[in-house]
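Okay, data17.pdb now, which holds PDB, C-alpha atoms and all ligand atoms:
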ATOM      1  CA  MET Q   2     -87.036 183.263 128.062  1.00  0.00           C
ATOM      2  CA  THR Q   3     -87.179 180.403 130.502  1.00  0.00           C
ATOM      3  CA  ARG Q   4     -84.771 180.208 133.407  1.00  0.00           C
ATOM      4  CA  GLN Q   5     -83.145 177.214 131.724  1.00  0.00           C
ATOM      5  CA  GLY Q   6     -82.834 179.270 128.532  1.00  0.00           C
ATOM      6  CA  LYS Q   7     -81.139 182.153 130.400  1.00  0.00           C
ATOM      7  CA  ILE Q   8     -78.671 179.737 132.014  1.00  0.00           C
ATOM      8  CA  LEU Q   9     -77.865 178.175 128.641  1.00  0.00           C
ATOM      9  CA  LEU Q  10     -77.413 181.609 127.055  1.00  0.00           C
ATOM     10  CA  SER Q  11     -75.054 182.782 129.789  1.00  0.00           C
ATOM     11  CA  PHE Q  12     -73.044 179.564 129.443  1.00  0.00           C
ATOM     12  CA  ALA Q  13     -72.853 180.123 125.730  1.00  0.00           C
ATOM     13  CA  LEU Q  14     -71.651 183.716 126.262  1.00  0.00           C
ATOM     14  CA  MET Q  15     -69.057 182.619 128.815  1.00  0.00           C
ATOM     15  CA  ALA Q  16     -67.855 179.860 126.520  1.00  0.00           C
ATOM     16  CA  THR Q  17     -67.515 182.336 123.638  1.00  0.00           C
ATOM     17  CA  LEU Q  18     -65.545 184.759 125.819  1.00  0.00           C
ATOM     18  CA  LEU Q  19     -63.342 181.960 127.102  1.00  0.00           C
ATOM     19  CA  ILE Q  20     -62.617 180.612 123.626  1.00  0.00           C
ATOM     20  CA  GLY Q  21     -61.889 184.133 122.412  1.00  0.00           C
ATOM     21  CA  THR Q  22     -59.486 184.770 125.272  1.00  0.00           C
ATOM     22  CA  ILE Q  23     -57.713 181.450 124.734  1.00  0.00           C
ATOM     23  CA  ALA Q  24     -57.414 182.208 121.018  1.00  0.00           C
ATOM     24  CA  ILE Q  25     -55.846 185.627 121.721  1.00  0.00           C
ATOM     25  CA  ILE Q  26     -53.423 184.181 124.300  1.00  0.00           C
ATOM     26  CA  GLY Q  27     -52.649 181.364 121.878  1.00  0.00           C
ATOM     27  CA  LEU Q  28     -51.860 183.810 119.065  1.00  0.00           C
ATOM     28  CA  ARG Q  29     -49.612 185.866 121.327  1.00  0.00           C
ATOM     29  CA  ALA Q  30     -47.832 182.810 122.675  1.00  0.00           C
ATOM     30  CA  THR Q  31     -47.254 181.191 119.271  1.00  0.00           C
ATOM     31  CA  PRO Q  32     -43.448 181.029 119.058  1.00  0.00           C
ATOM     32  CA  LYS Q  33     -41.723 182.201 115.891  1.00  0.00           C
ATOM     33  CA  PRO Q  34     -40.468 179.218 113.878  1.00  0.00           C
ATOM     34  CA  ALA Q  35     -37.240 178.078 115.501  1.00  0.00           C
ATOM     35  CA  ASP Q  36     -34.563 180.286 113.903  1.00  0.00           C
ATOM     36  CA  ALA Q  37     -35.832 179.335 110.443  1.00  0.00           C
ATOM     37  CA  GLY Q  38     -36.015 182.945 109.336  1.00  0.00           C
ATOM     38  CA  ALA Q  39     -33.240 184.297 111.559  1.00  0.00           C
ATOM     39  CA  PRO Q  40     -30.699 186.139 109.469  1.00  0.00           C
ATOM     40  CA  ILE Q  41     -27.103 184.962 109.153  1.00  0.00           C
ATOM     41  CA  GLY Q  42     -24.739 187.606 110.440  1.00  0.00           C
ATOM     42  CA  GLY Q  43     -25.024 190.119 113.233  1.00  0.00           C
ATOM     43  CA  PRO Q  44     -23.098 192.288 115.650  1.00  0.00           C
ATOM     44  CA  PHE Q  45     -19.581 191.354 116.717  1.00  0.00           C
ATOM     45  CA  GLU Q  46     -16.668 192.981 118.534  1.00  0.00           C
ATOM     46  CA  LEU Q  47     -13.378 191.495 117.417  1.00  0.00           C
ATOM     47  CA  VAL Q  48      -9.771 192.526 116.782  1.00  0.00           C
ATOM     48  CA  GLU Q  49      -8.125 193.005 113.379  1.00  0.00           C
ATOM     49  CA  MET Q  50      -4.799 191.262 112.803  1.00  0.00           C
ATOM     50  CA  THR Q  51      -3.304 194.776 113.062  1.00  0.00           C
ATOM     51  CA  GLY Q  52      -4.517 194.865 116.669  1.00  0.00           C
ATOM     52  CA  ALA Q  53      -7.263 197.440 115.981  1.00  0.00           C
ATOM     53  CA  PRO Q  54     -10.768 196.786 117.274  1.00  0.00           C
ATOM     54  CA  VAL Q  55     -13.321 195.918 114.596  1.00  0.00           C
ATOM     55  CA  THR Q  56     -17.109 195.497 114.486  1.00  0.00           C
ATOM     56  CA  GLU Q  57     -19.627 194.425 111.866  1.00  0.00           C
ATOM     57  CA  LYS Q  58     -20.029 198.123 110.995  1.00  0.00           C
ATOM     58  CA  SER Q  59     -16.595 198.182 109.383  1.00  0.00           C
ATOM     59  CA  LEU Q  60     -17.901 195.760 106.738  1.00  0.00           C
ATOM     60  CA  ILE Q  61     -20.837 197.952 105.697  1.00  0.00           C
ATOM     61  CA  GLY Q  62     -20.357 199.787 102.392  1.00  0.00           C
ATOM     62  CA  LYS Q  63     -18.717 196.922 100.529  1.00  0.00           C
ATOM     63  CA  PRO Q  64     -19.980 193.388  99.869  1.00  0.00           C
ATOM     64  CA  THR Q  65     -18.289 190.836 102.122  1.00  0.00           C
ATOM     65  CA  ALA Q  66     -17.027 187.272 101.870  1.00  0.00           C
ATOM     66  CA  ILE Q  67     -16.400 185.894 105.367  1.00  0.00           C
ATOM     67  CA  PHE Q  68     -15.476 182.535 106.777  1.00  0.00           C
ATOM     68  CA  PHE Q  69     -14.487 181.101 110.130  1.00  0.00           C
ATOM     69  CA  GLY Q  70     -11.514 178.831 110.750  1.00  0.00           C
ATOM     70  CA  PHE Q  71      -8.101 178.735 112.422  1.00  0.00           C
ATOM     71  CA  THR Q  72      -4.475 179.096 111.418  1.00  0.00           C
ATOM     72  CA  TYR Q  73      -3.451 175.615 112.603  1.00  0.00           C
ATOM     73  CA  CYS Q  74      -6.135 174.041 110.402  1.00  0.00           C
ATOM     74  CA  PRO Q  75      -4.543 171.184 108.467  1.00  0.00           C
ATOM     75  CA  GLU Q  76      -6.741 171.299 105.376  1.00  0.00           C
ATOM     76  CA  VAL Q  77     -10.051 173.152 105.081  1.00  0.00           C
ATOM     77  CA  CYS Q  78      -8.759 176.640 105.904  1.00  0.00           C
ATOM     78  CA  PRO Q  79      -5.579 176.592 103.807  1.00  0.00           C
ATOM     79  CA  THR Q  80      -7.565 175.093 100.906  1.00  0.00           C
ATOM     80  CA  THR Q  81     -10.256 177.778 101.204  1.00  0.00           C
ATOM     81  CA  LEU Q  82      -7.705 180.586 101.556  1.00  0.00           C
ATOM     82  CA  MET Q  83      -5.763 179.318  98.530  1.00  0.00           C
ATOM     83  CA  GLU Q  84      -8.990 179.181  96.524  1.00  0.00           C
ATOM     84  CA  LEU Q  85      -9.976 182.695  97.609  1.00  0.00           C
ATOM     85  CA  THR Q  86      -6.466 183.959  96.807  1.00  0.00           C
ATOM     86  CA  SER Q  87      -6.650 182.413  93.364  1.00  0.00           C
ATOM     87  CA  ALA Q  88     -10.180 183.781  92.740  1.00  0.00           C
ATOM     88  CA  LEU Q  89      -9.161 187.278  93.900  1.00  0.00           C
ATOM     89  CA  LYS Q  90      -6.192 187.134  91.519  1.00  0.00           C
ATOM     90  CA  THR Q  91      -8.499 186.170  88.634  1.00  0.00           C
ATOM     91  CA  LEU Q  92     -10.840 189.050  89.529  1.00  0.00           C
ATOM     92  CA  GLY Q  93      -7.949 191.499  89.803  1.00  0.00           C
ATOM     93  CA  PRO Q  94      -8.954 195.090  90.700  1.00  0.00           C
ATOM     94  CA  GLU Q  95     -12.643 194.061  90.695  1.00  0.00           C
ATOM     95  CA  ALA Q  96     -11.925 192.249  93.955  1.00  0.00           C
ATOM     96  CA  ASP Q  97     -11.011 195.589  95.576  1.00  0.00           C
ATOM     97  CA  GLU Q  98     -14.781 196.101  95.836  1.00  0.00           C
ATOM     98  CA  LEU Q  99     -14.969 193.271  98.380  1.00  0.00           C
ATOM     99  CA  ASN Q 100     -14.211 192.744 102.058  1.00  0.00           C
ATOM    100  CA  VAL Q 101     -12.680 189.297 102.419  1.00  0.00           C
ATOM    101  CA  VAL Q 102     -12.464 188.194 106.042  1.00  0.00           C
ATOM    102  CA  PHE Q 103     -11.082 185.172 107.878  1.00  0.00           C
ATOM    103  CA  VAL Q 104     -12.333 184.924 111.490  1.00  0.00           C
ATOM    104  CA  SER Q 105     -10.500 182.700 113.966  1.00  0.00           C
ATOM    105  CA  VAL Q 106     -12.352 180.111 116.037  1.00  0.00           C
ATOM    106  CA  ASP Q 107      -9.123 179.352 117.949  1.00  0.00           C
ATOM    107  CA  PRO Q 108      -8.533 182.447 120.102  1.00  0.00           C
ATOM    108  CA  ALA Q 109      -5.985 180.688 122.337  1.00  0.00           C
ATOM    109  CA  ARG Q 110      -3.488 180.240 119.498  1.00  0.00           C
ATOM    110  CA  ASP Q 111      -4.654 182.815 116.956  1.00  0.00           C
ATOM    111  CA  THR Q 112      -3.306 186.075 118.308  1.00  0.00           C
ATOM    112  CA  PRO Q 113      -3.444 189.062 115.931  1.00  0.00           C
ATOM    113  CA  GLU Q 114       0.297 188.489 115.233  1.00  0.00           C
ATOM    114  CA  GLN Q 115      -0.303 184.821 114.415  1.00  0.00           C
ATOM    115  CA  MET Q 116      -3.200 185.766 112.095  1.00  0.00           C
ATOM    116  CA  LYS Q 117      -1.005 188.321 110.315  1.00  0.00           C
ATOM    117  CA  LEU Q 118       1.861 185.864 109.914  1.00  0.00           C
ATOM    118  CA  TYR Q 119      -0.442 183.125 108.611  1.00  0.00           C
ATOM    119  CA  LEU Q 120      -2.376 185.362 106.212  1.00  0.00           C
ATOM    120  CA  SER Q 121       0.875 186.706 104.735  1.00  0.00           C
ATOM    121  CA  ASN Q 122       0.809 183.440 102.732  1.00  0.00           C
ATOM    122  CA  PHE Q 123      -2.370 184.541 100.930  1.00  0.00           C
ATOM    123  CA  ASP Q 124      -3.892 187.505  99.057  1.00  0.00           C
ATOM    124  CA  PRO Q 125      -3.042 190.694 101.007  1.00  0.00           C
ATOM    125  CA  ARG Q 126      -6.679 191.836 100.688  1.00  0.00           C
ATOM    126  CA  ILE Q 127      -7.777 189.065 103.099  1.00  0.00           C
ATOM    127  CA  ARG Q 128      -8.306 190.498 106.583  1.00  0.00           C
ATOM    128  CA  GLY Q 129      -7.954 188.357 109.724  1.00  0.00           C
ATOM    129  CA  PHE Q 130     -10.148 188.875 112.796  1.00  0.00           C
ATOM    130  CA  THR Q 131      -9.663 187.279 116.195  1.00  0.00           C
ATOM    131  CA  GLY Q 132     -10.727 188.127 119.768  1.00  0.00           C
ATOM    132  CA  THR Q 133     -11.548 186.815 123.202  1.00  0.00           C
ATOM    133  CA  PRO Q 134     -13.159 183.357 123.450  1.00  0.00           C
ATOM    134  CA  GLU Q 135     -16.451 185.042 124.428  1.00  0.00           C
ATOM    135  CA  ALA Q 136     -16.358 187.549 121.558  1.00  0.00           C
ATOM    136  CA  ILE Q 137     -15.605 184.765 119.073  1.00  0.00           C
ATOM    137  CA  ALA Q 138     -18.384 182.601 120.475  1.00  0.00           C
ATOM    138  CA  GLU Q 139     -20.812 185.494 119.989  1.00  0.00           C
ATOM    139  CA  ALA Q 140     -19.649 186.212 116.451  1.00  0.00           C
ATOM    140  CA  ALA Q 141     -19.885 182.503 115.541  1.00  0.00           C
ATOM    141  CA  LYS Q 142     -23.398 182.387 116.976  1.00  0.00           C
ATOM    142  CA  ALA Q 143     -24.448 185.450 114.970  1.00  0.00           C
ATOM    143  CA  TYR Q 144     -23.070 183.869 111.783  1.00  0.00           C
ATOM    144  CA  ARG Q 145     -24.504 180.478 112.735  1.00  0.00           C
ATOM    145  CA  VAL Q 146     -21.065 178.927 112.549  1.00  0.00           C
ATOM    146  CA  TYR Q 147     -20.346 175.651 114.280  1.00  0.00           C
ATOM    147  CA  TYR Q 148     -16.940 174.972 115.897  1.00  0.00           C
ATOM    148  CA  ARG Q 149     -15.680 172.545 118.496  1.00  0.00           C
ATOM    149  CA  LYS Q 150     -12.266 171.916 120.038  1.00  0.00           C
ATOM    150  CA  VAL Q 151     -11.138 168.301 119.596  1.00  0.00           C
ATOM    151  CA  PRO Q 152      -8.131 166.873 121.487  1.00  0.00           C
ATOM    152  CA  VAL Q 153      -5.519 165.080 119.377  1.00  0.00           C
ATOM    153  CA  GLU Q 154      -2.593 162.836 120.331  1.00  0.00           C
ATOM    154  CA  GLY Q 155       0.281 164.577 122.041  1.00  0.00           C
ATOM    155  CA  GLY Q 156      -1.824 166.841 124.249  1.00  0.00           C
ATOM    156  CA  THR Q 157      -2.669 169.336 121.541  1.00  0.00           C
ATOM    157  CA  TYR Q 158      -5.996 169.949 119.815  1.00  0.00           C
ATOM    158  CA  THR Q 159      -7.670 170.692 116.523  1.00  0.00           C
ATOM    159  CA  VAL Q 160     -10.924 172.570 115.887  1.00  0.00           C
ATOM    160  CA  ASP Q 161     -13.826 171.147 113.907  1.00  0.00           C
ATOM    161  CA  HIS Q 162     -15.643 173.963 112.161  1.00  0.00           C
ATOM    162  CA  SER Q 163     -18.164 174.876 109.451  1.00  0.00           C
ATOM    163  CA  SER Q 164     -16.486 175.248 106.087  1.00  0.00           C
ATOM    164  CA  SER Q 165     -18.730 177.536 104.008  1.00  0.00           C
ATOM    165  CA  VAL Q 166     -17.751 181.041 102.975  1.00  0.00           C
ATOM    166  CA  TYR Q 167     -20.713 183.374 103.533  1.00  0.00           C
ATOM    167  CA  LEU Q 168     -21.419 186.229 101.133  1.00  0.00           C
ATOM    168  CA  PHE Q 169     -23.117 189.478 102.233  1.00  0.00           C
ATOM    169  CA  ASP Q 170     -24.162 192.558 100.280  1.00  0.00           C
ATOM    170  CA  ALA Q 171     -22.861 196.053 101.077  1.00  0.00           C
ATOM    171  CA  ASP Q 172     -25.710 196.568 103.581  1.00  0.00           C
ATOM    172  CA  GLY Q 173     -24.741 193.424 105.500  1.00  0.00           C
ATOM    173  CA  ARG Q 174     -27.585 191.259 104.201  1.00  0.00           C
ATOM    174  CA  PHE Q 175     -26.792 187.596 103.637  1.00  0.00           C
ATOM    175  CA  VAL Q 176     -26.672 186.672  99.928  1.00  0.00           C
ATOM    176  CA  GLU Q 177     -25.495 183.060  99.617  1.00  0.00           C
ATOM    177  CA  PRO Q 178     -22.718 180.694 100.679  1.00  0.00           C
ATOM    178  CA  ILE Q 179     -19.777 179.463  98.626  1.00  0.00           C
ATOM    179  CA  ALA Q 180     -19.648 175.724  99.196  1.00  0.00           C
ATOM    180  CA  TYR Q 181     -16.365 174.151 100.283  1.00  0.00           C
ATOM    181  CA  GLY Q 182     -14.650 172.580  97.282  1.00  0.00           C
ATOM    182  CA  ALA Q 183     -16.700 174.523  94.701  1.00  0.00           C
ATOM    183  CA  PRO Q 184     -14.908 174.673  91.315  1.00  0.00           C
ATOM    184  CA  HIS Q 185     -12.690 177.718  90.671  1.00  0.00           C
ATOM    185  CA  GLU Q 186     -14.972 179.109  87.911  1.00  0.00           C
ATOM    186  CA  ARG Q 187     -17.960 178.931  90.230  1.00  0.00           C
ATOM    187  CA  VAL Q 188     -16.119 180.712  93.066  1.00  0.00           C
ATOM    188  CA  VAL Q 189     -14.969 183.440  90.651  1.00  0.00           C
ATOM    189  CA  ALA Q 190     -18.510 183.847  89.275  1.00  0.00           C
ATOM    190  CA  GLN Q 191     -20.003 184.145  92.774  1.00  0.00           C
ATOM    191  CA  LEU Q 192     -17.405 186.691  93.910  1.00  0.00           C
ATOM    192  CA  ARG Q 193     -17.696 188.686  90.661  1.00  0.00           C
ATOM    193  CA  SER Q 194     -21.468 188.842  90.952  1.00  0.00           C
ATOM    194  CA  LEU Q 195     -21.087 189.916  94.603  1.00  0.00           C
ATOM    195  CA  ALA Q 196     -18.540 192.630  93.720  1.00  0.00           C
ATOM    196  CA  GLN Q 197     -20.923 194.003  91.086  1.00  0.00           C
ATOM    197  CA  ARG Q 198     -23.887 194.202  93.486  1.00  0.00           C
ATOM    198  CA  ARG Q 199     -24.928 197.678  94.392  1.00  0.00           C
ATOM    199  CA  GLY Q 200     -26.561 198.089  97.804  1.00  0.00           C
TER     200      GLY Q 200
HETATM  201 NI    NI Q 301     -10.152 175.022 108.970  1.00  0.00          NI
END
Show this structure as structure tokens.
Amino acid sequence: MTRQGKILLSFALMATLLIGTIAIIGLRATPKPADAGAPIGGPFELVEMTGAPVTEKSLIGKPTAIFFGFTYCPEVCPTTLMELTSALKTLGPEADELNVVFVSVDPARDTPEQMKLYLSNFDPRIRGFTGTPEAIAEAAKAYRVYYRKVPVEGGTYTVDHSSSVYLFDADGRFVEPIAYGAPHERVVAQLRSLAQRRG
């Protein structure tokens, strides 16, 4: 081999090594698609409306319907809670197979006592969770729930928030949402199918 040939060969080898190294680094550095496959739901540490601490573990063993809102909500929350109450009534004892949970996104006003008082207007099987602002922010993040405090006239405020009810199986895996304003028959069908899921 000529000297020129040897130089060319060593360049070729170095280039191959370099490309290989870059490819490996590139593969390692490739970020996972931005949250696209991230599950809905996750750990939380909140407080039941009875005052008892509660975590996501207390929901395991039964399928769960959960949604986030606040007791001073003028429309979306009372409408959703009335719909859930009506659907649970239609399902009757079948609905005992479900956890139904309302999580506050307004910790300043939604004390456990306030949650209990407010939820006394709806089906007694609906549980209310609240907590510290930080704990609620973490829970909302885990459930990919949006909420934002909005000032209103008179120095008070309202809270914009996501309106879907999320359904989970008994192992805590996300199943599907119930869309806000879905017809009664559809809500009943979704909850019935959830209650009948096994594991
Ligand atoms: Ni609301």
Counting only C-alpha atoms and all ligand atoms, which protein, DNA or RNA residues come within 8 Å of ligand NI 301 (chain Q), given as a ChimeraX atom specification? /Q:69-79,160-162,164
Any idea what the distance is between atom CA of Gly182 of chain Q and atom CA of Pro125 of chain Q? 21.8 Å
Just the residues within 10 Å of Arg128 of chain Q, please, counting only C-alpha atoms, with nothing from its chain fewer than 2 positions along; format it as an mmCIF file with C-alpha atoms, keeping the file's coordinate frame.
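result.cif, written as the output of this step:
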data_model
loop_
_atom_site.group_PDB
_atom_site.id
_atom_site.type_symbol
_atom_site.label_atom_id
_atom_site.label_comp_id
_atom_site.auth_asym_id
_atom_site.auth_seq_id
_atom_site.Cartn_x
_atom_site.Cartn_y
_atom_site.Cartn_z
ATOM 1 C CA GLU Q 49 -8.125 193.005 113.379
ATOM 2 C CA MET Q 50 -4.799 191.262 112.803
ATOM 3 C CA THR Q 51 -3.304 194.776 113.062
ATOM 4 C CA ILE Q 67 -16.400 185.894 105.367
ATOM 5 C CA ASN Q 100 -14.211 192.744 102.058
ATOM 6 C CA VAL Q 101 -12.680 189.297 102.419
ATOM 7 C CA VAL Q 102 -12.464 188.194 106.042
ATOM 8 C CA PHE Q 103 -11.082 185.172 107.878
ATOM 9 C CA VAL Q 104 -12.333 184.924 111.490
ATOM 10 C CA MET Q 116 -3.200 185.766 112.095
ATOM 11 C CA LYS Q 117 -1.005 188.321 110.315
ATOM 12 C CA LEU Q 120 -2.376 185.362 106.212
ATOM 13 C CA ASP Q 124 -3.892 187.505 99.057
ATOM 14 C CA PRO Q 125 -3.042 190.694 101.007
ATOM 15 C CA ARG Q 126 -6.679 191.836 100.688
ATOM 16 C CA PHE Q 130 -10.148 188.875 112.796
#
Apply the PyMOL selection byres (((chain Q and resi 136-141) around 10) and not hetatm) to the displayed file and report the matching residues as a PDB file with C-alpha atoms, in the frame of the given file.
ATOM      1  CA  ILE Q  41     -27.103 184.962 109.153  1.00  0.00           C
ATOM      2  CA  GLY Q  42     -24.739 187.606 110.440  1.00  0.00           C
ATOM      3  CA  GLY Q  43     -25.024 190.119 113.233  1.00  0.00           C
ATOM      4  CA  PRO Q  44     -23.098 192.288 115.650  1.00  0.00           C
ATOM      5  CA  PHE Q  45     -19.581 191.354 116.717  1.00  0.00           C
ATOM      6  CA  GLU Q  46     -16.668 192.981 118.534  1.00  0.00           C
ATOM      7  CA  LEU Q  47     -13.378 191.495 117.417  1.00  0.00           C
ATOM      8  CA  VAL Q  48      -9.771 192.526 116.782  1.00  0.00           C
ATOM      9  CA  THR Q  56     -17.109 195.497 114.486  1.00  0.00           C
ATOM     10  CA  GLU Q  57     -19.627 194.425 111.866  1.00  0.00           C
ATOM     11  CA  PHE Q  68     -15.476 182.535 106.777  1.00  0.00           C
ATOM     12  CA  PHE Q  69     -14.487 181.101 110.130  1.00  0.00           C
ATOM     13  CA  VAL Q 104     -12.333 184.924 111.490  1.00  0.00           C
ATOM     14  CA  SER Q 105     -10.500 182.700 113.966  1.00  0.00           C
ATOM     15  CA  VAL Q 106     -12.352 180.111 116.037  1.00  0.00           C
ATOM     16  CA  ASP Q 107      -9.123 179.352 117.949  1.00  0.00           C
ATOM     17  CA  PRO Q 108      -8.533 182.447 120.102  1.00  0.00           C
ATOM     18  CA  PHE Q 130     -10.148 188.875 112.796  1.00  0.00           C
ATOM     19  CA  THR Q 131      -9.663 187.279 116.195  1.00  0.00           C
ATOM     20  CA  GLY Q 132     -10.727 188.127 119.768  1.00  0.00           C
ATOM     21  CA  THR Q 133     -11.548 186.815 123.202  1.00  0.00           C
ATOM     22  CA  PRO Q 134     -13.159 183.357 123.450  1.00  0.00           C
ATOM     23  CA  GLU Q 135     -16.451 185.042 124.428  1.00  0.00           C
ATOM     24  CA  LYS Q 142     -23.398 182.387 116.976  1.00  0.00           C
ATOM     25  CA  ALA Q 143     -24.448 185.450 114.970  1.00  0.00           C
ATOM     26  CA  TYR Q 144     -23.070 183.869 111.783  1.00  0.00           C
ATOM     27  CA  ARG Q 145     -24.504 180.478 112.735  1.00  0.00           C
ATOM     28  CA  VAL Q 146     -21.065 178.927 112.549  1.00  0.00           C
ATOM     29  CA  TYR Q 147     -20.346 175.651 114.280  1.00  0.00           C
ATOM     30  CA  TYR Q 148     -16.940 174.972 115.897  1.00  0.00           C
ATOM     31  CA  SER Q 163     -18.164 174.876 109.451  1.00  0.00           C
TER      32      SER Q 163
END
Point out the residue among Q:Lys90, Q:Arg198, Q:Lys150, Q:Arg110 with the least atom-to-atom distance to His185 of chain Q, counting only C-alpha atoms. Q:Lys90
The PyMOL selection byres (((chain Q and resi 179) around 9) and not hetatm) on the file shown: which residues, as a ChimeraX atom specification? /Q:66,165-168,177-178,180-183,187-188,191-192
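Coordinates place atom CA of Gly62 of chain Q at a distance of 6.4 Å from atom CA of Asp172 of chain Q.
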For Leu92 of chain Q, find every residue with an atom within 9 Å (counting all atoms listed in the file), except residues of its own chain fewer than 4 positions away, and show them as an mmCIF file with C-alpha atoms, keeping the file's coordinate frame.
data_model
loop_
_atom_site.group_PDB
_atom_site.id
_atom_site.type_symbol
_atom_site.label_atom_id
_atom_site.label_comp_id
_atom_site.auth_asym_id
_atom_site.auth_seq_id
_atom_site.Cartn_x
_atom_site.Cartn_y
_atom_site.Cartn_z
ATOM 1 C CA SER Q 87 -6.650 182.413 93.364
ATOM 2 C CA ALA Q 88 -10.180 183.781 92.740
ATOM 3 C CA ALA Q 96 -11.925 192.249 93.955
ATOM 4 C CA ASP Q 97 -11.011 195.589 95.576
ATOM 5 C CA VAL Q 189 -14.969 183.440 90.651
ATOM 6 C CA LEU Q 192 -17.405 186.691 93.910
ATOM 7 C CA ARG Q 193 -17.696 188.686 90.661
#
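When atom CA of Leu82 of chain Q is paired with atom CA of Thr157 of chain Q, their separation reads 23.5 Å.
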Let me have the centre and edge lengths in Å, one decimal, of the box along x, y and z around every listed atom of segment 154-161 of chain Q with 8 Å of margin on each side, as AutoDock Vina command-line options.
--center_x -6.8 --center_y 167.7 --center_z 119.1 --size_x 30.1 --size_y 25.7 --size_z 26.3
